[in-house]
Structure formats: structure tokens, C-alpha cells
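Chemist: Pasting input.pdb below, which is PDB, N, CA and C atoms.
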ATOM      1  N   MET Q 673      62.137 113.443 113.017  1.00  0.00           N
ATOM      2  CA  MET Q 673      62.263 112.040 113.364  1.00  0.00           C
ATOM      3  C   MET Q 673      62.724 111.232 112.141  1.00  0.00           C
ATOM      4  N   ILE Q 674      62.149 111.534 110.987  1.00  0.00           N
ATOM      5  CA  ILE Q 674      62.520 110.831 109.759  1.00  0.00           C
ATOM      6  C   ILE Q 674      63.953 111.184 109.387  1.00  0.00           C
ATOM      7  N   ILE Q 675      64.330 112.425 109.601  1.00  0.00           N
ATOM      8  CA  ILE Q 675      65.699 112.849 109.293  1.00  0.00           C
ATOM      9  C   ILE Q 675      66.694 112.103 110.189  1.00  0.00           C
ATOM     10  N   ALA Q 676      66.377 111.939 111.452  1.00  0.00           N
ATOM     11  CA  ALA Q 676      67.253 111.214 112.373  1.00  0.00           C
ATOM     12  C   ALA Q 676      67.353 109.758 111.951  1.00  0.00           C
ATOM     13  N   LEU Q 677      66.254 109.137 111.560  1.00  0.00           N
ATOM     14  CA  LEU Q 677      66.247 107.746 111.110  1.00  0.00           C
ATOM     15  C   LEU Q 677      67.068 107.600 109.838  1.00  0.00           C
ATOM     16  N   LEU Q 678      66.915 108.541 108.909  1.00  0.00           N
ATOM     17  CA  LEU Q 678      67.675 108.533 107.664  1.00  0.00           C
ATOM     18  C   LEU Q 678      69.177 108.691 107.949  1.00  0.00           C
ATOM     19  N   ALA Q 679      69.521 109.573 108.868  1.00  0.00           N
ATOM     20  CA  ALA Q 679      70.926 109.770 109.234  1.00  0.00           C
ATOM     21  C   ALA Q 679      71.503 108.502 109.849  1.00  0.00           C
ATOM     22  N   ILE Q 680      70.750 107.821 110.696  1.00  0.00           N
ATOM     23  CA  ILE Q 680      71.207 106.572 111.325  1.00  0.00           C
ATOM     24  C   ILE Q 680      71.403 105.490 110.267  1.00  0.00           C
ATOM     25  N   LEU Q 681      70.497 105.391 109.309  1.00  0.00           N
ATOM     26  CA  LEU Q 681      70.618 104.402 108.232  1.00  0.00           C
ATOM     27  C   LEU Q 681      71.853 104.682 107.372  1.00  0.00           C
ATOM     28  N   ILE Q 682      72.084 105.937 107.053  1.00  0.00           N
ATOM     29  CA  ILE Q 682      73.261 106.292 106.256  1.00  0.00           C
ATOM     30  C   ILE Q 682      74.530 105.956 107.021  1.00  0.00           C
ATOM     31  N   MET Q 683      74.587 106.287 108.293  1.00  0.00           N
ATOM     32  CA  MET Q 683      75.766 105.990 109.109  1.00  0.00           C
ATOM     33  C   MET Q 683      75.976 104.481 109.216  1.00  0.00           C
ATOM     34  N   THR Q 684      74.894 103.729 109.363  1.00  0.00           N
ATOM     35  CA  THR Q 684      74.995 102.274 109.434  1.00  0.00           C
ATOM     36  C   THR Q 684      75.546 101.716 108.123  1.00  0.00           C
ATOM     37  N   GLY Q 685      75.085 102.259 106.998  1.00  0.00           N
ATOM     38  CA  GLY Q 685      75.591 101.823 105.691  1.00  0.00           C
ATOM     39  C   GLY Q 685      77.066 102.116 105.523  1.00  0.00           C
ATOM     40  N   VAL Q 686      77.475 103.299 105.927  1.00  0.00           N
ATOM     41  CA  VAL Q 686      78.879 103.688 105.809  1.00  0.00           C
ATOM     42  C   VAL Q 686      79.749 102.799 106.688  1.00  0.00           C
ATOM     43  N   VAL Q 687      79.313 102.562 107.910  1.00  0.00           N
ATOM     44  CA  VAL Q 687      80.073 101.697 108.820  1.00  0.00           C
ATOM     45  C   VAL Q 687      80.139 100.275 108.265  1.00  0.00           C
ATOM     46  N   GLY Q 688      79.050  99.782 107.696  1.00  0.00           N
ATOM     47  CA  GLY Q 688      79.033  98.434 107.114  1.00  0.00           C
ATOM     48  C   GLY Q 688      80.010  98.307 105.962  1.00  0.00           C
ATOM     49  N   ILE Q 689      80.045  99.327 105.100  1.00  0.00           N
ATOM     50  CA  ILE Q 689      80.970  99.304 103.958  1.00  0.00           C
ATOM     51  C   ILE Q 689      82.417  99.340 104.449  1.00  0.00           C
ATOM     52  N   HIS Q 690      82.695 100.174 105.425  1.00  0.00           N
ATOM     53  CA  HIS Q 690      84.055 100.257 105.966  1.00  0.00           C
ATOM     54  C   HIS Q 690      84.454  98.969 106.685  1.00  0.00           C
ATOM     55  N   SER Q 691      83.516  98.312 107.309  1.00  0.00           N
ATOM     56  CA  SER Q 691      83.861  97.061 108.000  1.00  0.00           C
ATOM     57  C   SER Q 691      84.232  95.975 107.001  1.00  0.00           C
ATOM     58  N   VAL Q 692      83.557  95.935 105.852  1.00  0.00           N
ATOM     59  CA  VAL Q 692      83.912  94.964 104.807  1.00  0.00           C
ATOM     60  C   VAL Q 692      85.318  95.264 104.300  1.00  0.00           C
ATOM     61  N   SER Q 693      85.605  96.526 104.068  1.00  0.00           N
ATOM     62  CA  SER Q 693      86.929  96.924 103.598  1.00  0.00           C
ATOM     63  C   SER Q 693      87.997  96.561 104.623  1.00  0.00           C
ATOM     64  N   LEU Q 694      87.710  96.775 105.880  1.00  0.00           N
ATOM     65  CA  LEU Q 694      88.669  96.442 106.932  1.00  0.00           C
ATOM     66  C   LEU Q 694      88.899  94.943 107.037  1.00  0.00           C
ATOM     67  N   LYS Q 695      87.869  94.150 106.834  1.00  0.00           N
ATOM     68  CA  LYS Q 695      88.035  92.692 106.879  1.00  0.00           C
ATOM     69  C   LYS Q 695      88.920  92.218 105.734  1.00  0.00           C
ATOM     70  N   GLN Q 696      88.750  92.816 104.565  1.00  0.00           N
ATOM     71  CA  GLN Q 696      89.606  92.454 103.434  1.00  0.00           C
ATOM     72  C   GLN Q 696      91.065  92.815 103.721  1.00  0.00           C
ATOM     73  N   LYS Q 697      91.287  93.991 104.284  1.00  0.00           N
ATOM     74  CA  LYS Q 697      92.648  94.389 104.643  1.00  0.00           C
ATOM     75  C   LYS Q 697      93.221  93.458 105.705  1.00  0.00           C
ATOM     76  N   GLU Q 698      92.387  93.054 106.647  1.00  0.00           N
ATOM     77  CA  GLU Q 698      92.839  92.149 107.711  1.00  0.00           C
ATOM     78  C   GLU Q 698      93.298  90.819 107.121  1.00  0.00           C
ATOM     79  N   ARG Q 699      92.536  90.293 106.156  1.00  0.00           N
ATOM     80  CA  ARG Q 699      92.932  89.034 105.506  1.00  0.00           C
ATOM     81  C   ARG Q 699      94.244  89.198 104.739  1.00  0.00           C
ATOM     82  N   ALA Q 700      94.373  90.320 104.057  1.00  0.00           N
ATOM     83  CA  ALA Q 700      95.606  90.568 103.305  1.00  0.00           C
ATOM     84  C   ALA Q 700      96.797  90.681 104.248  1.00  0.00           C
ATOM     85  N   TYR Q 701      96.624  91.381 105.360  1.00  0.00           N
ATOM     86  CA  TYR Q 701      97.713  91.526 106.334  1.00  0.00           C
ATOM     87  C   TYR Q 701      98.053  90.187 106.993  1.00  0.00           C
ATOM     88  N   ALA Q 702      97.039  89.365 107.248  1.00  0.00           N
ATOM     89  CA  ALA Q 702      97.291  88.050 107.846  1.00  0.00           C
ATOM     90  C   ALA Q 702      98.095  87.173 106.880  1.00  0.00           C
ATOM     91  N   ALA Q 703      97.751  87.240 105.589  1.00  0.00           N
ATOM     92  CA  ALA Q 703      98.495  86.459 104.599  1.00  0.00           C
ATOM     93  C   ALA Q 703      99.942  86.957 104.509  1.00  0.00           C
ATOM     94  N   ARG Q 704     100.117  88.258 104.519  1.00  0.00           N
ATOM     95  CA  ARG Q 704     101.465  88.834 104.455  1.00  0.00           C
ATOM     96  C   ARG Q 704     102.272  88.464 105.704  1.00  0.00           C
ATOM     97  N   GLU Q 705     101.607  88.481 106.854  1.00  0.00           N
ATOM     98  CA  GLU Q 705     102.279  88.106 108.097  1.00  0.00           C
ATOM     99  C   GLU Q 705     102.751  86.659 108.033  1.00  0.00           C
ATOM    100  N   GLU Q 706     101.904  85.773 107.523  1.00  0.00           N
ATOM    101  CA  GLU Q 706     102.284  84.361 107.402  1.00  0.00           C
ATOM    102  C   GLU Q 706     103.488  84.204 106.470  1.00  0.00           C
ATOM    103  N   GLU Q 707     103.464  84.923 105.371  1.00  0.00           N
ATOM    104  CA  GLU Q 707     104.578  84.879 104.427  1.00  0.00           C
ATOM    105  C   GLU Q 707     105.871  85.366 105.081  1.00  0.00           C
ATOM    106  N   LEU Q 708     105.778  86.441 105.823  1.00  0.00           N
ATOM    107  CA  LEU Q 708     106.960  86.971 106.500  1.00  0.00           C
ATOM    108  C   LEU Q 708     107.459  86.026 107.588  1.00  0.00           C
ATOM    109  N   MET Q 709     106.549  85.365 108.282  1.00  0.00           N
ATOM    110  CA  MET Q 709     106.958  84.403 109.309  1.00  0.00           C
ATOM    111  C   MET Q 709     107.710  83.232 108.673  1.00  0.00           C
ATOM    112  N   GLN Q 710     107.268  82.799 107.496  1.00  0.00           N
ATOM    113  CA  GLN Q 710     107.974  81.728 106.796  1.00  0.00           C
ATOM    114  C   GLN Q 710     109.355  82.193 106.365  1.00  0.00           C
ATOM    115  N   GLN Q 711     109.448  83.430 105.900  1.00  0.00           N
ATOM    116  CA  GLN Q 711     110.756  83.961 105.524  1.00  0.00           C
ATOM    117  C   GLN Q 711     111.682  84.056 106.734  1.00  0.00           C
ATOM    118  N   ILE Q 712     111.144  84.462 107.862  1.00  0.00           N
ATOM    119  CA  ILE Q 712     111.944  84.547 109.085  1.00  0.00           C
ATOM    120  C   ILE Q 712     112.457  83.175 109.475  1.00  0.00           C
ATOM    121  N   ALA Q 713     111.585  82.170 109.412  1.00  0.00           N
ATOM    122  CA  ALA Q 713     112.001  80.802 109.754  1.00  0.00           C
ATOM    123  C   ALA Q 713     113.101  80.322 108.811  1.00  0.00           C
ATOM    124  N   GLY Q 714     112.953  80.624 107.528  1.00  0.00           N
ATOM    125  CA  GLY Q 714     113.977  80.244 106.561  1.00  0.00           C
ATOM    126  C   GLY Q 714     115.308  80.928 106.823  1.00  0.00           C
ATOM    127  N   GLU Q 715     115.250  82.202 107.151  1.00  0.00           N
ATOM    128  CA  GLU Q 715     116.480  82.948 107.433  1.00  0.00           C
ATOM    129  C   GLU Q 715     117.130  82.496 108.735  1.00  0.00           C
ATOM    130  N   GLU Q 716     116.321  82.121 109.710  1.00  0.00           N
ATOM    131  CA  GLU Q 716     116.885  81.603 110.963  1.00  0.00           C
ATOM    132  C   GLU Q 716     117.589  80.276 110.722  1.00  0.00           C
ATOM    133  N   ALA Q 717     116.992  79.419 109.882  1.00  0.00           N
ATOM    134  CA  ALA Q 717     117.632  78.145 109.546  1.00  0.00           C
ATOM    135  C   ALA Q 717     118.938  78.395 108.794  1.00  0.00           C
ATOM    136  N   ARG Q 718     118.921  79.354 107.868  1.00  0.00           N
ATOM    137  CA  ARG Q 718     120.124  79.694 107.115  1.00  0.00           C
ATOM    138  C   ARG Q 718     121.202  80.242 108.045  1.00  0.00           C
ATOM    139  N   ALA Q 719     120.823  81.074 108.997  1.00  0.00           N
ATOM    140  CA  ALA Q 719     121.780  81.626 109.950  1.00  0.00           C
ATOM    141  C   ALA Q 719     122.419  80.511 110.775  1.00  0.00           C
ATOM    142  N   LYS Q 720     121.617  79.525 111.154  1.00  0.00           N
ATOM    143  CA  LYS Q 720     122.142  78.398 111.929  1.00  0.00           C
ATOM    144  C   LYS Q 720     123.151  77.604 111.092  1.00  0.00           C
ATOM    145  N   GLU Q 721     122.816  77.385 109.816  1.00  0.00           N
ATOM    146  CA  GLU Q 721     123.742  76.672 108.933  1.00  0.00           C
ATOM    147  C   GLU Q 721     125.050  77.440 108.787  1.00  0.00           C
ATOM    148  N   LEU Q 722     124.944  78.751 108.654  1.00  0.00           N
ATOM    149  CA  LEU Q 722     126.156  79.562 108.520  1.00  0.00           C
ATOM    150  C   LEU Q 722     127.006  79.524 109.782  1.00  0.00           C
ATOM    151  N   GLU Q 723     126.366  79.523 110.932  1.00  0.00           N
ATOM    152  CA  GLU Q 723     127.107  79.414 112.189  1.00  0.00           C
ATOM    153  C   GLU Q 723     127.823  78.074 112.281  1.00  0.00           C
ATOM    154  N   GLU Q 724     127.138  77.003 111.878  1.00  0.00           N
ATOM    155  CA  GLU Q 724     127.759  75.679 111.900  1.00  0.00           C
ATOM    156  C   GLU Q 724     128.927  75.623 110.921  1.00  0.00           C
ATOM    157  N   PHE Q 725     128.762  76.237 109.746  1.00  0.00           N
ATOM    158  CA  PHE Q 725     129.849  76.246 108.769  1.00  0.00           C
ATOM    159  C   PHE Q 725     131.029  77.059 109.288  1.00  0.00           C
ATOM    160  N   ALA Q 726     130.737  78.181 109.951  1.00  0.00           N
ATOM    161  CA  ALA Q 726     131.814  79.003 110.517  1.00  0.00           C
ATOM    162  C   ALA Q 726     132.589  78.207 111.556  1.00  0.00           C
ATOM    163  N   THR Q 727     131.887  77.435 112.357  1.00  0.00           N
ATOM    164  CA  THR Q 727     132.553  76.590 113.350  1.00  0.00           C
ATOM    165  C   THR Q 727     133.375  75.510 112.658  1.00  0.00           C
ATOM    166  N   TYR Q 728     132.820  74.923 111.598  1.00  0.00           N
ATOM    167  CA  TYR Q 728     133.511  73.859 110.856  1.00  0.00           C
ATOM    168  C   TYR Q 728     134.777  74.382 110.183  1.00  0.00           C
ATOM    169  N   THR Q 729     134.732  75.615 109.691  1.00  0.00           N
ATOM    170  CA  THR Q 729     135.911  76.145 108.995  1.00  0.00           C
ATOM    171  C   THR Q 729     137.087  76.370 109.932  1.00  0.00           C
ATOM    172  N   LYS Q 730     136.860  76.342 111.214  1.00  0.00           N
ATOM    173  CA  LYS Q 730     137.940  76.527 112.184  1.00  0.00           C
ATOM    174  C   LYS Q 730     138.578  75.196 112.593  1.00  0.00           C
ATOM    175  N   THR Q 731     138.108  74.088 112.012  1.00  0.00           N
ATOM    176  CA  THR Q 731     138.640  72.779 112.385  1.00  0.00           C
ATOM    177  C   THR Q 731     139.822  72.391 111.502  1.00  0.00           C
ATOM    178  N   LYS Q 732     140.597  71.447 111.997  1.00  0.00           N
ATOM    179  CA  LYS Q 732     141.740  70.939 111.249  1.00  0.00           C
ATOM    180  C   LYS Q 732     141.271  70.159 110.018  1.00  0.00           C
ATOM    181  N   LYS Q 733     140.161  69.454 110.158  1.00  0.00           N
ATOM    182  CA  LYS Q 733     139.626  68.669 109.041  1.00  0.00           C
ATOM    183  C   LYS Q 733     139.324  69.564 107.842  1.00  0.00           C
ATOM    184  N   TYR Q 734     138.741  70.724 108.091  1.00  0.00           N
ATOM    185  CA  TYR Q 734     138.421  71.648 107.003  1.00  0.00           C
ATOM    186  C   TYR Q 734     139.708  72.144 106.338  1.00  0.00           C
ATOM    187  N   ALA Q 735     140.690  72.484 107.136  1.00  0.00           N
ATOM    188  CA  ALA Q 735     141.963  72.960 106.583  1.00  0.00           C
ATOM    189  C   ALA Q 735     142.600  71.893 105.704  1.00  0.00           C
ATOM    190  N   GLU Q 736     142.533  70.640 106.130  1.00  0.00           N
ATOM    191  CA  GLU Q 736     143.086  69.546 105.331  1.00  0.00           C
ATOM    192  C   GLU Q 736     142.314  69.385 104.022  1.00  0.00           C
ATOM    193  N   GLU Q 737     141.000  69.476 104.076  1.00  0.00           N
ATOM    194  CA  GLU Q 737     140.195  69.343 102.854  1.00  0.00           C
ATOM    195  C   GLU Q 737     140.530  70.445 101.855  1.00  0.00           C
ATOM    196  N   VAL Q 738     140.658  71.658 102.331  1.00  0.00           N
ATOM    197  CA  VAL Q 738     140.985  72.776 101.443  1.00  0.00           C
ATOM    198  C   VAL Q 738     142.376  72.583 100.861  1.00  0.00           C
ATOM    199  N   ALA Q 739     143.302  72.170 101.685  1.00  0.00           N
ATOM    200  CA  ALA Q 739     144.671  71.960 101.216  1.00  0.00           C
ATOM    201  C   ALA Q 739     144.711  70.884 100.139  1.00  0.00           C
ATOM    202  N   LYS Q 740     143.965  69.824 100.302  1.00  0.00           N
ATOM    203  CA  LYS Q 740     143.947  68.748  99.311  1.00  0.00           C
ATOM    204  C   LYS Q 740     143.199  69.154  98.046  1.00  0.00           C
ATOM    205  N   ASP Q 741     142.003  69.694  98.211  1.00  0.00           N
ATOM    206  CA  ASP Q 741     141.154  69.989  97.058  1.00  0.00           C
ATOM    207  C   ASP Q 741     141.652  71.175  96.238  1.00  0.00           C
ATOM    208  N   LYS Q 742     141.985  72.249  96.884  1.00  0.00           N
ATOM    209  CA  LYS Q 742     142.315  73.480  96.164  1.00  0.00           C
ATOM    210  C   LYS Q 742     143.800  73.627  95.878  1.00  0.00           C
ATOM    211  N   LEU Q 743     144.614  73.134  96.783  1.00  0.00           N
ATOM    212  CA  LEU Q 743     146.050  73.321  96.631  1.00  0.00           C
ATOM    213  C   LEU Q 743     146.782  72.062  96.177  1.00  0.00           C
ATOM    214  N   GLY Q 744     146.108  70.919  96.222  1.00  0.00           N
ATOM    215  CA  GLY Q 744     146.720  69.668  95.780  1.00  0.00           C
ATOM    216  C   GLY Q 744     147.778  69.136  96.734  1.00  0.00           C
ATOM    217  N   LEU Q 745     147.771  69.557  97.962  1.00  0.00           N
ATOM    218  CA  LEU Q 745     148.770  69.098  98.925  1.00  0.00           C
ATOM    219  C   LEU Q 745     148.422  67.714  99.442  1.00  0.00           C
ATOM    220  N   VAL Q 746     149.459  66.944  99.782  1.00  0.00           N
ATOM    221  CA  VAL Q 746     149.275  65.599 100.332  1.00  0.00           C
ATOM    222  C   VAL Q 746     150.284  65.394 101.461  1.00  0.00           C
ATOM    223  N   TYR Q 747     150.030  64.375 102.268  1.00  0.00           N
ATOM    224  CA  TYR Q 747     150.988  64.012 103.308  1.00  0.00           C
ATOM    225  C   TYR Q 747     152.195  63.333 102.662  1.00  0.00           C
ATOM    226  N   GLU Q 748     153.313  63.315 103.370  1.00  0.00           N
ATOM    227  CA  GLU Q 748     154.550  62.737 102.819  1.00  0.00           C
ATOM    228  C   GLU Q 748     154.383  61.270 102.448  1.00  0.00           C
ATOM    229  N   ASN Q 749     153.717  60.501 103.272  1.00  0.00           N
ATOM    230  CA  ASN Q 749     153.603  59.065 103.024  1.00  0.00           C
ATOM    231  C   ASN Q 749     152.320  58.698 102.277  1.00  0.00           C
ATOM    232  N   GLU Q 750     151.623  59.666 101.749  1.00  0.00           N
ATOM    233  CA  GLU Q 750     150.358  59.412 101.053  1.00  0.00           C
ATOM    234  C   GLU Q 750     150.627  59.118  99.586  1.00  0.00           C
ATOM    235  N   ILE Q 751     149.932  58.099  99.068  1.00  0.00           N
ATOM    236  CA  ILE Q 751     150.086  57.717  97.669  1.00  0.00           C
ATOM    237  C   ILE Q 751     148.853  58.211  96.896  1.00  0.00           C
ATOM    238  N   ILE Q 752     149.098  58.871  95.770  1.00  0.00           N
ATOM    239  CA  ILE Q 752     148.018  59.434  94.964  1.00  0.00           C
ATOM    240  C   ILE Q 752     147.882  58.597  93.689  1.00  0.00           C
ATOM    241  N   PHE Q 753     146.655  58.187  93.400  1.00  0.00           N
ATOM    242  CA  PHE Q 753     146.355  57.487  92.157  1.00  0.00           C
ATOM    243  C   PHE Q 753     145.582  58.421  91.259  1.00  0.00           C
ATOM    244  N   GLN Q 754     145.977  58.446  89.993  1.00  0.00           N
ATOM    245  CA  GLN Q 754     145.277  59.294  89.026  1.00  0.00           C
ATOM    246  C   GLN Q 754     144.623  58.408  87.979  1.00  0.00           C
ATOM    247  N   GLU Q 755     143.434  58.843  87.530  1.00  0.00           N
ATOM    248  CA  GLU Q 755     142.726  58.116  86.486  1.00  0.00           C
ATOM    249  C   GLU Q 755     143.382  58.354  85.160  1.00  0.00           C
ATOM    250  N   THR Q 756     143.419  57.324  84.346  1.00  0.00           N
ATOM    251  CA  THR Q 756     143.922  57.482  82.983  1.00  0.00           C
ATOM    252  C   THR Q 756     142.738  57.425  82.038  1.00  0.00           C
ATOM    253  N   ASP Q 757     142.842  58.199  80.983  1.00  0.00           N
ATOM    254  CA  ASP Q 757     141.716  58.242  80.027  1.00  0.00           C
ATOM    255  C   ASP Q 757     141.725  57.097  79.075  1.00  0.00           C
TER     256      ASP Q 757
END
For this file, produce the structure as C-alpha cells.

Modeler:
Amino acid sequence: MIIALLAILIMTGVVGIHSVSLKQKERAYAAREEELMQQIAGEEARAKELEEFATYTKTKKYAEEVAKDKLGLVYENEIIFQETD
């Protein structure tokens, strides 16, 4: 009878120790999950911005901006003023 009681106490102790360890792991996993969810939200927002930019790059306005900024092109009747130092 004492041996059975001792065995039950030992098993209860082992289960108690493992439950504490599992709770700590659960908290760590919950924190990691929250971090990953924030990263997912950030990447989804970035993907949306990239889609909008891809749509914008197909417009005539974007082509005109690139032509003016990078290539220095202007319309025939457009007057360009330059700053003097």
C-alpha cells in the first residue's frame, strides 16, 4: 500500500514538473505566433503596395515621369527653367 502511494506521489510530481515545462513552451510558442502574425500582416501590406505600384507603372503618367526624370525628355511646347548658381 505504501509502495503504491509512493508511486502515485512520484508520478504526480513528474506530471507536475512536465506541466510547468509545457506551460513555458506554450507561452514561448504563443509569443512566436504573435510575432509571425505581425510579420505576415507586414508582408501582406507590402504585397498590396507592390501590386499598386505594378498597376501604376502601366499608366501613361508613370511613363511621362520616367521620361522626364531619367531621360530628360520634354514636350515640344514645354519651356524648361534651370537654376543658376

Chemist: Would you mind reading off the distance between atom CA of Q:Ala676 and atom N of Q:Ser691, one decimal, in Å?

Modeler: 21.4 Å

Chemist: So which bits of chain Q end up helix (DSSP H, G or I) when you DSSP the backbone, as an MDAnalysis selection string?

Modeler: chainID Q and resid 674:728 732:741

Chemist: At what distance in Å, to one decimal, does atom CA of Q:Val692 lie from atom CA of Q:Met709?

Modeler: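 One can read the atom CA of Q:Met709 to atom CA of Q:Val692 distance as 25.7 Å.
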
Chemist: Atom C of Q:Arg704 and atom CA of Q:His690 are how many Å apart?

Modeler: 21.7 Å
